[in-house]
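Shown below: entry23.tsv, with TSV, C-alpha atoms.
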```tsv
chain	number	residue	atom	x	y	z
A	1	MET	CA	1.90	5.16	-2.22
A	2	ASN	CA	1.96	7.19	-5.43
A	3	LYS	CA	0.45	5.18	-8.29
A	4	GLU	CA	2.62	7.13	-10.73
A	5	TYR	CA	5.53	4.96	-9.65
A	6	VAL	CA	3.67	1.63	-9.95
A	7	PHE	CA	3.79	-0.39	-13.18
A	8	THR	CA	1.75	-3.57	-13.67
A	9	LEU	CA	2.53	-6.05	-16.43
A	10	THR	CA	-0.31	-7.70	-18.34
A	11	ASP	CA	-0.41	-11.49	-18.25
A	12	ASP	CA	0.86	-11.63	-21.84
A	13	GLU	CA	3.75	-9.28	-20.99
A	14	ARG	CA	4.60	-11.37	-17.96
A	15	GLU	CA	4.70	-14.58	-20.01
A	16	THR	CA	6.89	-13.00	-22.69
A	17	LEU	CA	9.35	-11.85	-20.05
A	18	ARG	CA	9.26	-15.23	-18.29
A	19	GLN	CA	10.11	-17.12	-21.47
A	20	GLU	CA	13.03	-14.82	-22.22
A	21	LEU	CA	14.53	-14.95	-18.73
A	22	ASN	CA	13.99	-18.70	-18.41
A	23	GLN	CA	16.55	-19.28	-21.16
A	24	ILE	CA	19.39	-17.58	-19.27
A	25	GLN	CA	21.69	-19.47	-16.90
A	26	TYR	CA	22.17	-17.45	-13.74
A	27	ASP	CA	25.78	-16.59	-12.90
A	28	PRO	CA	26.17	-15.92	-9.15
A	29	THR	CA	29.50	-14.14	-9.77
A	30	GLY	CA	27.74	-11.44	-11.82
A	31	SER	CA	30.16	-11.62	-14.76
A	32	THR	CA	30.04	-8.90	-17.40
A	33	SER	CA	28.88	-11.39	-20.02
A	34	TYR	CA	25.97	-12.43	-17.79
A	35	VAL	CA	24.99	-8.82	-17.05
A	36	THR	CA	25.07	-8.08	-20.80
A	37	GLU	CA	22.85	-11.09	-21.49
A	38	VAL	CA	20.15	-10.16	-18.97
A	39	ARG	CA	20.27	-6.52	-20.09
A	40	LEU	CA	19.67	-7.50	-23.72
A	41	ALA	CA	16.91	-9.89	-22.69
A	42	ALA	CA	15.16	-7.14	-20.72
A	43	LEU	CA	15.42	-4.68	-23.59
A	44	GLY	CA	13.77	-7.22	-25.88
A	45	ALA	CA	11.06	-8.50	-23.57
A	46	MET	CA	10.08	-5.76	-21.11
A	47	PRO	CA	7.21	-3.40	-21.95
A	48	ARG	CA	8.31	-0.11	-23.47
A	49	ARG	CA	6.71	1.97	-20.70
A	50	ILE	CA	8.83	0.25	-18.05
A	51	ILE	CA	12.05	0.55	-20.07
A	52	GLN	CA	11.30	4.25	-20.57
A	53	CYS	CA	10.84	4.74	-16.83
A	54	LEU	CA	14.06	2.87	-15.98
A	55	ASN	CA	15.98	4.86	-18.62
A	56	GLU	CA	14.81	8.12	-17.06
A	57	GLN	CA	15.85	6.80	-13.65
A	58	ARG	CA	19.30	5.89	-14.95
A	59	ALA	CA	19.78	9.31	-16.53
A	60	SER	CA	18.30	11.12	-13.49
A	61	LEU	CA	16.02	13.05	-15.84
A	62	LYS	CA	13.05	12.68	-13.51
A	63	PRO	CA	14.17	10.28	-10.77
A	64	SER	CA	11.45	8.51	-8.84
A	65	PRO	CA	11.82	7.90	-5.09
A	66	TYR	CA	10.79	4.29	-5.73
A	67	ILE	CA	9.51	2.12	-8.57
A	68	ILE	CA	7.18	-0.82	-7.99
A	69	LEU	CA	6.74	-3.51	-10.67
A	70	GLU	CA	3.76	-5.82	-10.25
A	71	ASN	CA	2.61	-9.07	-11.87
A	72	LEU	CA	6.18	-10.12	-12.61
A	73	PRO	CA	7.12	-13.66	-13.67
A	74	THR	CA	8.36	-16.07	-11.02
A	75	ASP	CA	9.83	-19.55	-10.97
A	76	ASP	CA	7.26	-22.34	-11.27
A	77	SER	CA	7.90	-23.66	-7.75
A	78	VAL	CA	9.72	-22.54	-4.63
A	79	LEU	CA	10.39	-25.82	-2.85
A	80	TYR	CA	11.81	-24.54	0.44
A	81	THR	CA	13.51	-21.54	2.02
A	82	PRO	CA	17.32	-21.75	1.87
A	83	HIS	CA	19.83	-20.43	4.38
A	84	PRO	CA	20.28	-16.67	3.93
A	85	GLN	CA	23.92	-16.78	2.76
A	86	VAL	CA	24.13	-20.13	1.01
A	87	PHE	CA	23.75	-20.45	-2.77
A	88	THR	CA	21.06	-23.16	-3.02
A	89	PRO	CA	19.81	-23.54	-6.61
A	90	GLU	CA	17.76	-26.62	-5.73
A	91	ALA	CA	15.50	-24.53	-3.47
A	92	LYS	CA	13.39	-23.59	-6.50
A	93	THR	CA	12.88	-24.75	-10.05
A	94	GLY	CA	14.80	-22.07	-11.91
A	95	PHE	CA	16.56	-18.72	-11.85
A	96	ILE	CA	13.86	-16.37	-13.10
A	97	SER	CA	13.85	-14.27	-9.91
A	98	GLU	CA	17.65	-13.81	-9.99
A	99	ASN	CA	17.66	-13.03	-13.70
A	100	LEU	CA	14.78	-10.59	-13.30
A	101	ILE	CA	16.29	-8.60	-10.45
A	102	MET	CA	19.59	-8.44	-12.36
A	103	ALA	CA	17.81	-7.36	-15.55
A	104	VAL	CA	16.12	-4.45	-13.78
A	105	GLY	CA	19.40	-3.48	-12.14
A	106	ALA	CA	21.22	-3.63	-15.48
A	107	LEU	CA	18.73	-1.23	-17.03
A	108	VAL	CA	19.00	1.28	-14.18
A	109	GLY	CA	22.76	1.10	-13.68
A	110	GLU	CA	25.54	-1.38	-12.98
A	111	PRO	CA	24.42	-4.03	-10.47
A	112	TYR	CA	26.74	-4.87	-7.59
A	113	SER	CA	26.43	-6.43	-4.15
A	114	MET	CA	28.26	-6.01	-0.85
A	115	LEU	CA	30.46	-8.83	0.46
A	116	HIS	CA	29.11	-8.22	3.96
A	117	GLU	CA	25.61	-8.98	2.66
A	118	GLY	CA	26.61	-12.23	0.94
A	119	HIS	CA	29.05	-13.66	-1.59
A	120	ASP	CA	26.80	-13.69	-4.68
A	121	ILE	CA	25.59	-10.90	-6.98
A	122	VAL	CA	22.02	-11.68	-5.80
A	123	ASN	CA	21.64	-12.53	-2.13
A	124	ASN	CA	18.75	-14.06	-0.23
A	125	LEU	CA	17.19	-11.85	2.42
A	126	ILE	CA	15.68	-14.36	4.82
A	127	PRO	CA	14.87	-13.80	8.51
A	128	SER	CA	16.39	-16.43	10.79
A	129	LYS	CA	16.17	-17.28	14.49
A	130	LYS	CA	19.89	-16.72	14.96
A	131	GLU	CA	19.72	-13.12	13.71
A	132	LYS	CA	16.23	-12.29	14.96
A	133	LYS	CA	17.49	-9.45	17.20
A	134	GLU	CA	19.78	-7.87	14.59
A	135	TYR	CA	18.95	-4.59	12.88
A	136	THR	CA	19.32	-6.08	9.40
A	137	GLY	CA	17.01	-7.70	6.87
A	138	LEU	CA	17.62	-11.01	8.65
A	139	GLY	CA	16.14	-9.79	11.94
A	140	SER	CA	12.49	-10.55	12.65
A	141	GLU	CA	11.84	-9.13	16.13
A	142	VAL	CA	13.08	-5.59	15.54
A	143	GLU	CA	11.78	-2.90	13.23
A	144	LEU	CA	14.25	-1.57	10.68
A	145	ASP	CA	14.73	2.11	10.08
A	146	PHE	CA	15.03	3.52	6.58
A	147	HIS	CA	18.24	2.81	4.65
A	148	ILE	CA	19.69	6.17	5.67
A	149	GLU	CA	23.09	4.74	6.62
A	150	ASN	CA	23.91	4.08	2.97
A	151	ALA	CA	24.68	7.80	2.81
A	152	ALA	CA	27.98	6.98	4.53
A	153	LEU	CA	29.19	5.09	1.47
A	154	LYS	CA	29.42	8.39	-0.40
A	155	PHE	CA	32.32	9.43	1.82
A	156	MET	CA	34.70	6.46	1.81
A	157	GLY	CA	37.90	8.47	1.53
A	158	ASP	CA	38.18	9.62	-2.08
A	159	MET	CA	35.69	6.98	-3.28
A	160	ASN	CA	31.92	7.05	-3.62
A	161	PHE	CA	30.34	3.62	-3.14
A	162	SER	CA	26.85	4.91	-2.44
A	163	PRO	CA	24.29	2.96	-4.49
A	164	CYS	CA	21.80	4.72	-6.75
A	165	GLY	CA	19.13	2.32	-5.56
A	166	LEU	CA	18.24	-0.88	-3.76
A	167	ILE	CA	16.40	-3.64	-5.64
A	168	LEU	CA	14.20	-6.13	-3.81
A	169	MET	CA	12.01	-8.93	-5.15
A	170	GLY	CA	9.58	-11.08	-3.19
A	171	VAL	CA	9.99	-14.79	-3.87
A	172	ARG	CA	8.32	-16.58	-0.97
A	173	HIS	CA	5.78	-14.49	0.89
A	174	ASP	CA	4.71	-14.61	4.50
A	175	PRO	CA	0.92	-13.99	4.64
A	176	GLU	CA	1.43	-12.06	7.89
A	177	ARG	CA	4.50	-10.16	6.68
A	178	PRO	CA	5.06	-6.59	7.89
A	179	LEU	CA	4.78	-3.75	5.42
A	180	THR	CA	7.80	-2.30	3.67
A	181	ARG	CA	7.87	1.45	4.23
A	182	ILE	CA	8.96	3.75	1.43
A	183	SER	CA	9.44	7.51	1.45
A	184	ASP	CA	10.55	10.41	-0.72
A	185	ALA	CA	13.20	12.41	1.16
A	186	ARG	CA	12.57	15.37	-1.14
A	187	GLU	CA	9.20	15.88	0.52
A	188	ALA	CA	10.88	16.05	3.93
A	189	LEU	CA	13.49	18.45	2.58
A	190	ALA	CA	10.75	20.80	1.40
A	191	LEU	CA	9.49	21.08	4.99
A	192	LEU	CA	12.82	22.28	6.37
A	193	SER	CA	13.58	25.91	7.00
A	194	GLN	CA	16.43	27.60	5.15
A	195	ASN	CA	18.37	27.70	8.41
A	196	ASP	CA	17.95	23.92	8.79
A	197	ILE	CA	19.15	23.37	5.24
A	198	ASP	CA	22.16	25.65	5.79
A	199	GLN	CA	23.13	23.74	8.95
A	200	LEU	CA	22.70	20.29	7.37
A	201	SER	CA	24.75	21.37	4.37
A	202	GLN	CA	27.82	21.99	6.52
A	203	PRO	CA	30.44	19.28	7.30
A	204	PHE	CA	29.41	18.93	10.93
A	205	TYR	CA	28.28	15.29	11.04
A	206	HIS	CA	29.61	11.74	11.33
A	207	ILE	CA	27.60	9.03	9.53
A	208	LYS	CA	27.89	5.44	10.68
A	209	VAL	CA	28.65	2.85	8.02
A	210	PRO	CA	26.06	0.08	7.42
A	211	TYR	CA	25.45	-2.24	10.36
A	212	ARG	CA	27.05	-5.31	8.80
A	213	TRP	CA	30.18	-3.35	7.93
A	214	ARG	CA	30.54	-2.38	11.59
A	215	SER	CA	30.02	-5.94	12.83
A	216	SER	CA	32.14	-7.59	10.10
A	217	VAL	CA	35.17	-5.35	10.58
A	218	PRO	CA	34.99	-4.28	14.25
A	219	GLY	CA	37.08	-1.27	15.14
A	220	LYS	CA	37.75	-0.30	11.53
A	221	LEU	CA	35.92	2.35	9.52
A	222	GLN	CA	32.92	2.57	11.84
A	223	GLU	CA	31.90	6.05	10.70
A	224	THR	CA	32.81	8.78	8.26
A	225	ALA	CA	34.85	11.88	8.92
A	226	LEU	CA	32.89	15.11	9.36
A	227	VAL	CA	30.61	15.47	6.33
A	228	PRO	CA	27.43	17.33	5.26
A	229	LEU	CA	24.11	15.49	5.36
A	230	ILE	CA	22.53	17.19	2.35
```
Would you put the structure from the file into structure tokens?
Amino acid sequence: MNKEYVFTLTDDERETLRQELNQIQYDPTGSTSYVTEVRLAALGAMPRRIIQCLNEQRASLKPSPYIILENLPTDDSVLYTPHPQVFTPEAKTGFISENLIMAVGALVGEPYSMLHEGHDIVNNLIPSKKEKKEYTGLGSEVELDFHIENAALKFMGDMNFSPCGLILMGVRHDPERPLTRISDAREALALLSQNDIDQLSQPFYHIKVPYRWRSSVPGKLQETALVPLI
């Protein structure tokens, strides 16, 4: 992991951010007024060095493959783990984690979520026994590959739904949790030969849409037309 992409808040910075976010009522619909409120709160309470990094990410001036923020504020208590796709505000004592993940997203771009992942703007990613064999964030007995299938969303007819990034925040940790793997595809690209790059740049490939899209709408839009990979 490259330490250049890791930012750690001081305890004073964390408390300032916590107090600001604690005043905002979370809106699970992700209304524009709510997004504006968390964006303004982040601009006023986040350390300048983090805002500068997120601004550069938004403008693609020097995009990082990943950004890790440490020592972030959390809700005072997490009382229990809710069902993955059920909005359960009583599971913890506030909405700091939701407001925080939305604030970061609002500084990088325009936050949105996928209906197949859940009905709220911020969705719980919780392994369950029912989905333990699925190749999604809810599965616990299979190892996930990298999020390469999101590349398909760039080729949805004339539309481009491909996200600029994925934002995750740990709320309730498993002491024996597996590691989250991160990678910079640009380093892999630099290892390819020119012939490889030429071949991958041609529209010779079908890309499958995300797993939950395929299972939610069986038989419809399972993969893209022929497209380039790079």
**Study point:** Surrounding residues of Pro73 of chain A excluding itself and chain neighbours under 6 positions, 12 Å, all atoms listed in the file, as a ChimeraX atom specification
**Key:** /A:8-22,45-46,94-101,169-171
Go ahead and dump the residues you just picked, C-alpha atoms, as a CSV table (one decimal), keeping the file's coordinate frame.
```
chain,number,residue,atom,x,y,z
A,8,THR,CA,1.8,-3.6,-13.7
A,9,LEU,CA,2.5,-6.0,-16.4
A,10,THR,CA,-0.3,-7.7,-18.3
A,11,ASP,CA,-0.4,-11.5,-18.2
A,12,ASP,CA,0.9,-11.6,-21.8
A,13,GLU,CA,3.8,-9.3,-21.0
A,14,ARG,CA,4.6,-11.4,-18.0
A,15,GLU,CA,4.7,-14.6,-20.0
A,16,THR,CA,6.9,-13.0,-22.7
A,17,LEU,CA,9.4,-11.8,-20.0
A,18,ARG,CA,9.3,-15.2,-18.3
A,19,GLN,CA,10.1,-17.1,-21.5
A,20,GLU,CA,13.0,-14.8,-22.2
A,21,LEU,CA,14.5,-15.0,-18.7
A,22,ASN,CA,14.0,-18.7,-18.4
A,45,ALA,CA,11.1,-8.5,-23.6
A,46,MET,CA,10.1,-5.8,-21.1
A,94,GLY,CA,14.8,-22.1,-11.9
A,95,PHE,CA,16.6,-18.7,-11.8
A,96,ILE,CA,13.9,-16.4,-13.1
A,97,SER,CA,13.8,-14.3,-9.9
A,98,GLU,CA,17.6,-13.8,-10.0
A,99,ASN,CA,17.7,-13.0,-13.7
A,100,LEU,CA,14.8,-10.6,-13.3
A,101,ILE,CA,16.3,-8.6,-10.4
A,169,MET,CA,12.0,-8.9,-5.2
A,170,GLY,CA,9.6,-11.1,-3.2
A,171,VAL,CA,10.0,-14.8,-3.9
```
Exercise for review: Have a look at atom CA of Tyr112 of chain A and atom CA of Ile167 of chain A and let me know their distance in Å, one decimal.
Suggested key: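 Interatomic distance here is 10.6 Å.
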Review point. Which residue, A:Ile230, A:Pro210, A:His173, A:Ile126, has the smallest gap to Asp196 of chain A when you use all atoms listed in the file?
Key: A:Ile230
Practice item. Write out as a count of residues only which residues come within 10 Å of His83 of chain A when counting all atoms listed in the file, dropping same-chain ones fewer than 5 positions away. Key: 7
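Our summary of the geometry notes that atom CA of Arg39 of chain A is positioned 8.0 Å from atom CA of Met102 of chain A.
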Review point. Hey, which of A:Gly30, A:Gly118, A:Pro82, A:Gly157 ends up closest to Gly105 of chain A? Count all atoms listed in the file.
Key: A:Gly30
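Interatomic distance, atom CA of Ile121 of chain A to atom CA of Asp27 of chain A: 8.2 Å.
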Point to revise | A:Arg49, A:Asp174, A:Ser162, A:Gln194 ranked by distance to Thr81 of chain A, top pick (using all atoms listed in the file) | key: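 Smallest distance to Thr81 of chain A is found for A:Asp174.
Between Asp198 of chain A and the residues A:Leu221, A:Leu229, A:Ala185, A:Met1, the shortest atom-to-atom distance, using all atoms listed in the file, involves A:Leu229.
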**Study point:** Residues within 12 Å of (19.0, 17.1, 5.0), counting only C-alpha atoms, listed as a PyMOL selection string
**Key:** chain A and resi 148+151+185-203+205+227-230
Review point. Nearest to Leu72 of chain A among A:Pro47, A:Pro89, A:Gly109, A:Gly165, with distances taken over only C-alpha atoms: which residue is it?
Key: A:Pro47
Study note, to complete from the structure: For Leu153 of chain A, the closest of A:Glu110, A:His119, A:Ala103, A:Lys208 counting only C-alpha atoms is A:Lys208
Could you write out as lines of an AutoDock Vina configuration file the box around segment 187-206 of chain A (axis-aligned, all atoms listed in the file, 4 Å on each side), with centre and edge lengths in Å to one decimal?
```
center_x = 19.8
center_y = 19.7
center_z = 5.9
size_x = 29.2
size_y = 24.0
size_z = 18.8
```
Check your understanding: Contacts of Leu166 of chain A at 10 Å or less, counting all atoms listed in the file, minus same-chain residues fewer than 4 places along, as a PyMOL selection string?
Key -> chain A and resi 66+105+111+113+147
